[in-house]
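Enquirer: Before anything else, here's the structure in question.
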Number of protein chains: 2
Amino acid sequence: MPPRMTTSSYAVLALLDLKPWTGYELTHQAQRSLRYAWPKSERLLYSEPKKLVELGYATTHQEDSGGRTRNVYTITAEGRDALGMWTSTQTQPPRLEIEALLRLLFADHGSREDLLRALAEFASDIGEHHQAIVELMASYLDGGHPFPQRTHLSVLFATFQIEMFKTIERWIEFARDEIDEWPTTQDLGMTPRTETLTRLLAQDQSPLNQ
Amino acid sequence: MPPRMTTSSYAVLALLDLKPWTGYELTHQAQRSLRYAWPKSERLLYSEPKKLVELGYATTHQEDSGGRTRNVYTITAEGRDALGMWTSTQTQPPRLEIEALLRLLFADHGSREDLLRALAEFASDIGEHHQAIVELMASYLDGGHPFPQRTHLSVLFATFQIEMFKTIERWIEFARDEIDEWPTTQDLGMTPRTETLTRLLAQDQSPLNQ
DNA sequence: CACCCTATACTGAATATTGCAGTAGAGTCA
DNA sequence: TGACTCTACTGCAATATTCAGTATAGGGTG
């Protein structure tokens, strides 16, 4: 049986449509550019182009780069067709995996310091990526986009990321302020403050901007 | 070799610390309450409590519920200890998997309609969950929290979700407006509008509120 | 009252993905 | 010349998801 095309396969195929890449480049480019939309392991990204070759969606040839060989992958006409068909298929629902929030939900098993540390790690991860995307945008202004004809897409995606990161950072600040008012992580229950927040949320209002 | 404790194992163990559950309840409760912090498959959530029993962190006994048997799991003292230790370990970085954004990044392989459909599916998924969390908050006001002493934690988490959903919904609206101005998905590159956006983002400013 | 549908209550097996260790050449700096 | 980093992967074990399958209980409908 031939291998199945997964969303990750199409992601790699879409990169291949831009230009031929070596396995190494493909893997690292995919990790850089897709990290915040479709994060996948190096290992998987090395395997995907092989699957594409098996399916006839790409061809491979070995190239010499100073003694070593590397596999160069090129998309085929069938590959382009498959990509075109993919665009009209159903989109999987989003999936947000945030361990820091899991730790918040169960923060009553640990100390306030534990919770604040988990939030600090979360803030630091987000802060790094926030800074990286801002710097990337600055580099685009200097003509740094590797595929200039696709800038409009990258920038719309970057807008999403920056909005997201700003929101998360604002929430973390808010959460820290709230936690600072807690005497402990446990058994607070429905305090007047919690009731105020619940009331706002039940009316779909943001408790942050007040 | 004994099984390894993963983050998912601790998530289930933390639920078990609230009260004994059957495998079925545990699985469905975890999917309901942790969906937006730690989404895991039903299958995995059925396996985790068995692992906990093997490690001595829980005990199990069969109960009769009208002819059928079900496995009831209860946390042990060792389980509680393990939970306490977990709170001081390092938190994994967040991971956002959003296929709609992948499709945006490669939207030049399809039509504007394809892209708008992917965004519509995204909006509808987010909208559903947004509505669900608002309704959940309303139910808390009527004394509906299953573990009242933990309300302060749930509400802080809910604040995160609502902020997130609102941000995503605002971005989707923004993206639709932008895409409406595109004659096509392809080869637009650095238009004056895209340059304006890039300049804002490079200064870490939001293009949405103007 | 037979049939259908939904909820309860799971398990096995195939597939997908990750993590980690291992291999090996090229370039650089001390 | 040795250590370290970057390039350029592969194999294998462990982990997680998907899908199908099994089976009972209870409620509503024709």
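Naming works like this for the structure tokens: A, B, ... for the chains as they're shown, residue 1 at the start of each chain, ligands 1 onward in shown order.
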What does chain A look like after a least-squares fit onto chain B on every Cα paired in order, written as a PDB file with C-alpha atoms, in the first residue's frame?

Expert:
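The new file result32.pdb reads:
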ATOM      1  CA  MET A   1      10.663  -1.417  32.885  1.00  0.00           C
ATOM      2  CA  PRO A   2       7.916   0.670  34.454  1.00  0.00           C
ATOM      3  CA  PRO A   3       6.067   3.103  32.210  1.00  0.00           C
ATOM      4  CA  ARG A   4       7.204   6.717  32.081  1.00  0.00           C
ATOM      5  CA  MET A   5       5.118   9.598  33.472  1.00  0.00           C
ATOM      6  CA  THR A   6       4.274  12.045  30.697  1.00  0.00           C
ATOM      7  CA  THR A   7       2.557  15.405  31.041  1.00  0.00           C
ATOM      8  CA  SER A   8      -0.668  13.607  30.097  1.00  0.00           C
ATOM      9  CA  SER A   9      -0.146  11.179  32.970  1.00  0.00           C
ATOM     10  CA  TYR A  10       0.137  14.080  35.399  1.00  0.00           C
ATOM     11  CA  ALA A  11      -2.963  15.701  33.921  1.00  0.00           C
ATOM     12  CA  VAL A  12      -4.961  12.545  34.634  1.00  0.00           C
ATOM     13  CA  LEU A  13      -3.350  12.165  38.051  1.00  0.00           C
ATOM     14  CA  ALA A  14      -4.360  15.733  38.899  1.00  0.00           C
ATOM     15  CA  LEU A  15      -7.969  14.952  37.977  1.00  0.00           C
ATOM     16  CA  LEU A  16      -7.830  11.839  40.149  1.00  0.00           C
ATOM     17  CA  ASP A  17      -6.723  13.980  43.050  1.00  0.00           C
ATOM     18  CA  LEU A  18     -10.069  15.784  42.935  1.00  0.00           C
ATOM     19  CA  LYS A  19     -12.103  12.615  43.434  1.00  0.00           C
ATOM     20  CA  PRO A  20     -12.213   8.994  42.278  1.00  0.00           C
ATOM     21  CA  TRP A  21     -13.523   8.606  38.749  1.00  0.00           C
ATOM     22  CA  THR A  22     -14.390   5.755  36.431  1.00  0.00           C
ATOM     23  CA  GLY A  23     -12.297   5.432  33.291  1.00  0.00           C
ATOM     24  CA  TYR A  24     -15.199   6.692  31.251  1.00  0.00           C
ATOM     25  CA  GLU A  25     -15.780   9.777  33.409  1.00  0.00           C
ATOM     26  CA  LEU A  26     -12.079  10.542  33.598  1.00  0.00           C
ATOM     27  CA  THR A  27     -11.685  10.358  29.837  1.00  0.00           C
ATOM     28  CA  HIS A  28     -14.661  12.533  29.075  1.00  0.00           C
ATOM     29  CA  GLN A  29     -14.001  15.003  31.876  1.00  0.00           C
ATOM     30  CA  ALA A  30     -10.407  15.408  30.674  1.00  0.00           C
ATOM     31  CA  GLN A  31     -11.587  16.034  27.127  1.00  0.00           C
ATOM     32  CA  ARG A  32     -14.126  18.632  28.256  1.00  0.00           C
ATOM     33  CA  SER A  33     -12.019  20.542  30.725  1.00  0.00           C
ATOM     34  CA  LEU A  34      -8.545  20.268  29.198  1.00  0.00           C
ATOM     35  CA  ARG A  35      -9.404  20.607  25.528  1.00  0.00           C
ATOM     36  CA  TYR A  36      -7.869  24.070  25.227  1.00  0.00           C
ATOM     37  CA  ALA A  37      -4.825  23.526  27.367  1.00  0.00           C
ATOM     38  CA  TRP A  38      -3.925  19.891  26.766  1.00  0.00           C
ATOM     39  CA  PRO A  39      -5.999  18.213  24.056  1.00  0.00           C
ATOM     40  CA  LYS A  40      -5.615  14.427  24.080  1.00  0.00           C
ATOM     41  CA  SER A  41      -7.421  11.550  22.407  1.00  0.00           C
ATOM     42  CA  GLU A  42     -10.025   9.439  24.150  1.00  0.00           C
ATOM     43  CA  ARG A  43      -7.859   6.387  23.585  1.00  0.00           C
ATOM     44  CA  LEU A  44      -4.873   7.796  25.391  1.00  0.00           C
ATOM     45  CA  LEU A  45      -6.976   9.035  28.287  1.00  0.00           C
ATOM     46  CA  TYR A  46      -8.333   5.524  28.805  1.00  0.00           C
ATOM     47  CA  SER A  47      -4.784   4.150  28.966  1.00  0.00           C
ATOM     48  CA  GLU A  48      -3.310   6.687  31.371  1.00  0.00           C
ATOM     49  CA  PRO A  49      -5.055   5.560  34.573  1.00  0.00           C
ATOM     50  CA  LYS A  50      -3.861   1.990  33.942  1.00  0.00           C
ATOM     51  CA  LYS A  51      -0.311   3.272  33.832  1.00  0.00           C
ATOM     52  CA  LEU A  52      -0.914   5.115  37.101  1.00  0.00           C
ATOM     53  CA  VAL A  53      -2.059   1.862  38.726  1.00  0.00           C
ATOM     54  CA  GLU A  54       1.045   0.083  37.449  1.00  0.00           C
ATOM     55  CA  LEU A  55       3.189   2.782  39.026  1.00  0.00           C
ATOM     56  CA  GLY A  56       1.346   2.627  42.331  1.00  0.00           C
ATOM     57  CA  TYR A  57      -0.032   6.149  41.928  1.00  0.00           C
ATOM     58  CA  ALA A  58      -3.622   4.913  41.802  1.00  0.00           C
ATOM     59  CA  THR A  59      -5.666   1.862  42.725  1.00  0.00           C
ATOM     60  CA  THR A  60      -8.535   0.422  40.779  1.00  0.00           C
ATOM     61  CA  HIS A  61     -11.606  -1.571  41.645  1.00  0.00           C
ATOM     62  CA  GLN A  62     -14.562  -2.757  39.654  1.00  0.00           C
ATOM     63  CA  GLU A  63     -17.974  -1.409  40.450  1.00  0.00           C
ATOM     64  CA  ASP A  64     -21.339  -2.603  39.322  1.00  0.00           C
ATOM     65  CA  SER A  65     -23.572  -0.137  37.573  1.00  0.00           C
ATOM     66  CA  GLY A  66     -26.700  -1.985  36.501  1.00  0.00           C
ATOM     67  CA  GLY A  67     -25.206  -5.233  35.286  1.00  0.00           C
ATOM     68  CA  ARG A  68     -22.148  -3.699  33.641  1.00  0.00           C
ATOM     69  CA  THR A  69     -18.860  -3.252  35.448  1.00  0.00           C
ATOM     70  CA  ARG A  70     -16.756  -0.126  35.358  1.00  0.00           C
ATOM     71  CA  ASN A  71     -13.247   0.568  36.599  1.00  0.00           C
ATOM     72  CA  VAL A  72     -13.077   3.100  39.390  1.00  0.00           C
ATOM     73  CA  TYR A  73      -9.667   4.718  39.945  1.00  0.00           C
ATOM     74  CA  THR A  74      -8.518   6.285  43.202  1.00  0.00           C
ATOM     75  CA  ILE A  75      -5.304   8.214  43.839  1.00  0.00           C
ATOM     76  CA  THR A  76      -2.802   6.862  46.397  1.00  0.00           C
ATOM     77  CA  ALA A  77      -0.485   8.711  48.793  1.00  0.00           C
ATOM     78  CA  GLU A  78       2.407   8.030  46.369  1.00  0.00           C
ATOM     79  CA  GLY A  79       0.314   9.551  43.610  1.00  0.00           C
ATOM     80  CA  ARG A  80      -0.183  12.706  45.633  1.00  0.00           C
ATOM     81  CA  ASP A  81       3.549  12.873  46.296  1.00  0.00           C
ATOM     82  CA  ALA A  82       4.310  12.487  42.598  1.00  0.00           C
ATOM     83  CA  LEU A  83       1.892  15.302  41.796  1.00  0.00           C
ATOM     84  CA  GLY A  84       3.573  17.557  44.314  1.00  0.00           C
ATOM     85  CA  MET A  85       6.957  16.906  42.735  1.00  0.00           C
ATOM     86  CA  TRP A  86       5.640  17.567  39.244  1.00  0.00           C
ATOM     87  CA  THR A  87       4.764  21.180  40.076  1.00  0.00           C
ATOM     88  CA  SER A  88       8.422  22.058  40.486  1.00  0.00           C
ATOM     89  CA  THR A  89       9.559  20.563  37.157  1.00  0.00           C
ATOM     90  CA  GLN A  90      10.135  22.482  33.932  1.00  0.00           C
ATOM     91  CA  THR A  91       7.182  23.448  31.769  1.00  0.00           C
ATOM     92  CA  GLN A  92       7.171  22.444  28.094  1.00  0.00           C
ATOM     93  CA  PRO A  93       6.974  25.282  25.563  1.00  0.00           C
ATOM     94  CA  PRO A  94       3.566  26.016  24.038  1.00  0.00           C
ATOM     95  CA  ARG A  95       2.624  24.478  20.737  1.00  0.00           C
ATOM     96  CA  LEU A  96      -0.010  25.940  18.425  1.00  0.00           C
ATOM     97  CA  GLU A  97      -1.189  23.779  15.547  1.00  0.00           C
ATOM     98  CA  ILE A  98      -3.403  25.783  13.199  1.00  0.00           C
ATOM     99  CA  GLU A  99      -3.907  24.289   9.771  1.00  0.00           C
ATOM    100  CA  ALA A 100      -5.855  27.343   8.603  1.00  0.00           C
ATOM    101  CA  LEU A 101      -2.663  29.400   8.965  1.00  0.00           C
ATOM    102  CA  LEU A 102      -0.658  26.837   7.023  1.00  0.00           C
ATOM    103  CA  ARG A 103      -3.207  27.201   4.245  1.00  0.00           C
ATOM    104  CA  LEU A 104      -2.887  30.974   4.456  1.00  0.00           C
ATOM    105  CA  LEU A 105       0.881  30.732   4.084  1.00  0.00           C
ATOM    106  CA  PHE A 106       0.461  28.631   0.944  1.00  0.00           C
ATOM    107  CA  ALA A 107      -2.699  30.306  -0.297  1.00  0.00           C
ATOM    108  CA  ASP A 108      -1.060  31.131  -3.632  1.00  0.00           C
ATOM    109  CA  HIS A 109      -1.635  27.510  -4.678  1.00  0.00           C
ATOM    110  CA  GLY A 110      -5.388  27.935  -4.500  1.00  0.00           C
ATOM    111  CA  SER A 111      -8.124  30.455  -5.130  1.00  0.00           C
ATOM    112  CA  ARG A 112      -9.284  33.287  -2.917  1.00  0.00           C
ATOM    113  CA  GLU A 113     -12.420  31.234  -2.261  1.00  0.00           C
ATOM    114  CA  ASP A 114     -10.322  28.339  -0.944  1.00  0.00           C
ATOM    115  CA  LEU A 115      -8.521  30.672   1.423  1.00  0.00           C
ATOM    116  CA  LEU A 116     -11.713  32.344   2.591  1.00  0.00           C
ATOM    117  CA  ARG A 117     -13.283  28.939   3.192  1.00  0.00           C
ATOM    118  CA  ALA A 118     -10.340  27.840   5.333  1.00  0.00           C
ATOM    119  CA  LEU A 119     -10.704  31.055   7.335  1.00  0.00           C
ATOM    120  CA  ALA A 120     -14.460  30.516   7.664  1.00  0.00           C
ATOM    121  CA  GLU A 121     -13.892  27.018   9.050  1.00  0.00           C
ATOM    122  CA  PHE A 122     -11.337  28.436  11.475  1.00  0.00           C
ATOM    123  CA  ALA A 123     -13.790  31.153  12.540  1.00  0.00           C
ATOM    124  CA  SER A 124     -16.540  28.634  13.047  1.00  0.00           C
ATOM    125  CA  ASP A 125     -14.382  26.339  15.215  1.00  0.00           C
ATOM    126  CA  ILE A 126     -13.239  29.262  17.330  1.00  0.00           C
ATOM    127  CA  GLY A 127     -16.750  30.708  17.521  1.00  0.00           C
ATOM    128  CA  GLU A 128     -18.154  27.461  18.889  1.00  0.00           C
ATOM    129  CA  HIS A 129     -15.572  27.237  21.622  1.00  0.00           C
ATOM    130  CA  HIS A 130     -15.899  30.922  22.386  1.00  0.00           C
ATOM    131  CA  GLN A 131     -19.626  30.542  22.904  1.00  0.00           C
ATOM    132  CA  ALA A 132     -19.170  27.404  24.996  1.00  0.00           C
ATOM    133  CA  ILE A 133     -16.791  29.095  27.428  1.00  0.00           C
ATOM    134  CA  VAL A 134     -19.052  32.127  27.826  1.00  0.00           C
ATOM    135  CA  GLU A 135     -21.947  29.797  28.645  1.00  0.00           C
ATOM    136  CA  LEU A 136     -19.783  27.883  31.095  1.00  0.00           C
ATOM    137  CA  MET A 137     -19.006  31.115  32.926  1.00  0.00           C
ATOM    138  CA  ALA A 138     -22.720  31.929  33.091  1.00  0.00           C
ATOM    139  CA  SER A 139     -23.317  28.510  34.654  1.00  0.00           C
ATOM    140  CA  TYR A 140     -20.631  29.187  37.290  1.00  0.00           C
ATOM    141  CA  LEU A 141     -22.618  32.208  38.438  1.00  0.00           C
ATOM    142  CA  ASP A 142     -25.543  29.916  39.226  1.00  0.00           C
ATOM    143  CA  GLY A 143     -23.317  27.808  41.487  1.00  0.00           C
ATOM    144  CA  GLY A 144     -22.542  25.377  38.712  1.00  0.00           C
ATOM    145  CA  HIS A 145     -18.838  24.772  39.334  1.00  0.00           C
ATOM    146  CA  PRO A 146     -18.261  21.085  40.099  1.00  0.00           C
ATOM    147  CA  PHE A 147     -15.318  21.918  42.407  1.00  0.00           C
ATOM    148  CA  PRO A 148     -16.191  25.305  43.888  1.00  0.00           C
ATOM    149  CA  GLN A 149     -12.919  25.650  45.800  1.00  0.00           C
ATOM    150  CA  ARG A 150     -11.121  25.745  42.436  1.00  0.00           C
ATOM    151  CA  THR A 151     -13.196  28.455  40.782  1.00  0.00           C
ATOM    152  CA  HIS A 152     -10.425  31.071  40.957  1.00  0.00           C
ATOM    153  CA  LEU A 153      -8.218  28.821  38.788  1.00  0.00           C
ATOM    154  CA  SER A 154     -10.907  27.993  36.230  1.00  0.00           C
ATOM    155  CA  VAL A 155     -11.798  31.653  35.853  1.00  0.00           C
ATOM    156  CA  LEU A 156      -8.222  32.751  35.254  1.00  0.00           C
ATOM    157  CA  PHE A 157      -7.923  30.033  32.616  1.00  0.00           C
ATOM    158  CA  ALA A 158     -11.244  31.079  31.064  1.00  0.00           C
ATOM    159  CA  THR A 159      -9.927  34.639  30.855  1.00  0.00           C
ATOM    160  CA  PHE A 160      -7.045  33.349  28.771  1.00  0.00           C
ATOM    161  CA  GLN A 161      -9.376  31.495  26.443  1.00  0.00           C
ATOM    162  CA  ILE A 162     -11.736  34.400  25.934  1.00  0.00           C
ATOM    163  CA  GLU A 163      -8.872  36.828  25.249  1.00  0.00           C
ATOM    164  CA  MET A 164      -7.435  34.346  22.788  1.00  0.00           C
ATOM    165  CA  PHE A 165     -10.717  33.721  20.990  1.00  0.00           C
ATOM    166  CA  LYS A 166     -11.487  37.435  20.745  1.00  0.00           C
ATOM    167  CA  THR A 167      -8.038  38.108  19.312  1.00  0.00           C
ATOM    168  CA  ILE A 168      -8.391  35.342  16.749  1.00  0.00           C
ATOM    169  CA  GLU A 169     -11.835  36.530  15.740  1.00  0.00           C
ATOM    170  CA  ARG A 170     -10.596  40.096  15.338  1.00  0.00           C
ATOM    171  CA  TRP A 171      -7.680  38.877  13.241  1.00  0.00           C
ATOM    172  CA  ILE A 172      -9.931  36.791  11.005  1.00  0.00           C
ATOM    173  CA  GLU A 173     -12.099  39.830  10.316  1.00  0.00           C
ATOM    174  CA  PHE A 174      -8.990  41.849   9.546  1.00  0.00           C
ATOM    175  CA  ALA A 175      -7.627  39.129   7.272  1.00  0.00           C
ATOM    176  CA  ARG A 176     -10.912  38.935   5.376  1.00  0.00           C
ATOM    177  CA  ASP A 177     -10.870  42.674   4.783  1.00  0.00           C
ATOM    178  CA  GLU A 178      -7.305  42.501   3.520  1.00  0.00           C
ATOM    179  CA  ILE A 179      -8.012  39.551   1.237  1.00  0.00           C
ATOM    180  CA  ASP A 180     -11.051  41.354  -0.162  1.00  0.00           C
ATOM    181  CA  GLU A 181      -8.652  43.970  -1.494  1.00  0.00           C
ATOM    182  CA  TRP A 182      -6.492  41.389  -3.231  1.00  0.00           C
ATOM    183  CA  PRO A 183      -7.197  40.797  -6.917  1.00  0.00           C
ATOM    184  CA  THR A 184      -5.810  37.256  -6.531  1.00  0.00           C
ATOM    185  CA  THR A 185      -3.853  35.180  -4.005  1.00  0.00           C
ATOM    186  CA  GLN A 186      -0.691  35.115  -6.097  1.00  0.00           C
ATOM    187  CA  ASP A 187       2.349  37.207  -6.723  1.00  0.00           C
ATOM    188  CA  LEU A 188       1.219  40.353  -4.993  1.00  0.00           C
ATOM    189  CA  GLY A 189       4.482  40.765  -3.179  1.00  0.00           C
ATOM    190  CA  MET A 190       5.392  44.018  -1.488  1.00  0.00           C
ATOM    191  CA  THR A 191       2.443  46.242  -2.387  1.00  0.00           C
ATOM    192  CA  PRO A 192       2.194  49.643  -0.704  1.00  0.00           C
ATOM    193  CA  ARG A 193      -0.369  48.178   1.696  1.00  0.00           C
ATOM    194  CA  THR A 194       1.878  45.215   2.553  1.00  0.00           C
ATOM    195  CA  GLU A 195       4.737  47.608   3.134  1.00  0.00           C
ATOM    196  CA  THR A 196       2.609  49.671   5.521  1.00  0.00           C
ATOM    197  CA  LEU A 197       1.738  46.521   7.458  1.00  0.00           C
ATOM    198  CA  THR A 198       5.333  45.305   7.527  1.00  0.00           C
ATOM    199  CA  ARG A 199       6.470  48.691   8.819  1.00  0.00           C
ATOM    200  CA  LEU A 200       3.925  48.570  11.649  1.00  0.00           C
ATOM    201  CA  LEU A 201       4.865  45.002  12.590  1.00  0.00           C
ATOM    202  CA  ALA A 202       8.580  45.798  12.492  1.00  0.00           C
ATOM    203  CA  GLN A 203       7.815  48.420  15.161  1.00  0.00           C
ATOM    204  CA  ASP A 204       5.784  45.872  17.112  1.00  0.00           C
ATOM    205  CA  GLN A 205       2.572  47.779  16.467  1.00  0.00           C
ATOM    206  CA  SER A 206      -0.782  46.199  15.807  1.00  0.00           C
ATOM    207  CA  PRO A 207      -2.258  46.868  12.351  1.00  0.00           C
ATOM    208  CA  LEU A 208      -5.723  45.879  13.597  1.00  0.00           C
ATOM    209  CA  ASN A 209      -6.945  48.863  15.558  1.00  0.00           C
ATOM    210  CA  GLN A 210      -6.729  51.510  12.869  1.00  0.00           C
TER     211      GLN A 210
END

Enquirer: What residues in chain C lie within 8 Å of chain B, counting only C-alpha atoms (C1' of nucleotides), written as a PyMOL selection string?

Expert: chain C and resi 8-10

Enquirer: Take the residues from that selection and write them out as a compact mmCIF listing (two decimals), in the first residue's frame, keeping N, CA and C atoms (P, O5', C5', C4', C3', O3' and C1' of nucleotides).

Expert:
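Here's the written file part.txt:
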# COMPACT_ATOMS: atom_id res chain seq x y z
P DT C 8 -23.01 9.39 28.79
O5' DT C 8 -22.73 7.86 29.09
C5' DT C 8 -23.65 7.12 29.89
C4' DT C 8 -23.26 5.67 29.91
C3' DT C 8 -21.87 5.39 30.50
O3' DT C 8 -22.04 4.35 31.47
C1' DT C 8 -22.11 4.29 28.45
P DA C 9 -20.86 4.12 32.52
O5' DA C 9 -19.75 3.34 31.68
C5' DA C 9 -19.87 1.95 31.49
C4' DA C 9 -18.69 1.40 30.72
C3' DA C 9 -17.35 2.13 30.91
O3' DA C 9 -16.36 1.19 31.29
C1' DA C 9 -17.75 1.67 28.66
P DC C 10 -14.92 1.77 31.88
O5' DC C 10 -14.23 2.32 30.55
C5' DC C 10 -13.08 1.70 29.98
C4' DC C 10 -13.47 0.59 29.02
C3' DC C 10 -12.30 0.05 28.23
O3' DC C 10 -11.70 -1.02 28.95
C1' DC C 10 -14.24 0.31 26.85

Enquirer: Run DSSP on the backbone and give me the residues of segment 3-181 of chain B it puts in strand (DSSP E or B), as a ChimeraX atom specification.

Expert: /B:21-22,58-65,68-75,95-97

Enquirer: As an exercise, work out the distance from atom C1' of DA8 of chain D to atom C1' of DT17 of chain C in Å and give it to one decimal place.

Expert: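 Going from atom C1' of DA8 of chain D over to atom C1' of DT17 of chain C covers 20.9 Å.
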
Enquirer: Give me, as a Markdown table, the closest atom pair and its distance (Å, one decimal) for every residue of chain D within a cut-off of 9 Å of chain B, counting only C-alpha atoms (C1' of nucleotides), rows sorted by chain and rising number.

Expert:
| residue | atom | partner | partner_atom | distance |
| --- | --- | --- | --- | --- |
| D:DA16 | C1' | B:Leu44 | CA | 7.0 |
| D:DT17 | C1' | B:Ser41 | CA | 6.6 |
| D:DT24 | C1' | B:Arg68 | CA | 6.6 |
| D:DA25 | C1' | B:Gly66 | CA | 7.8 |
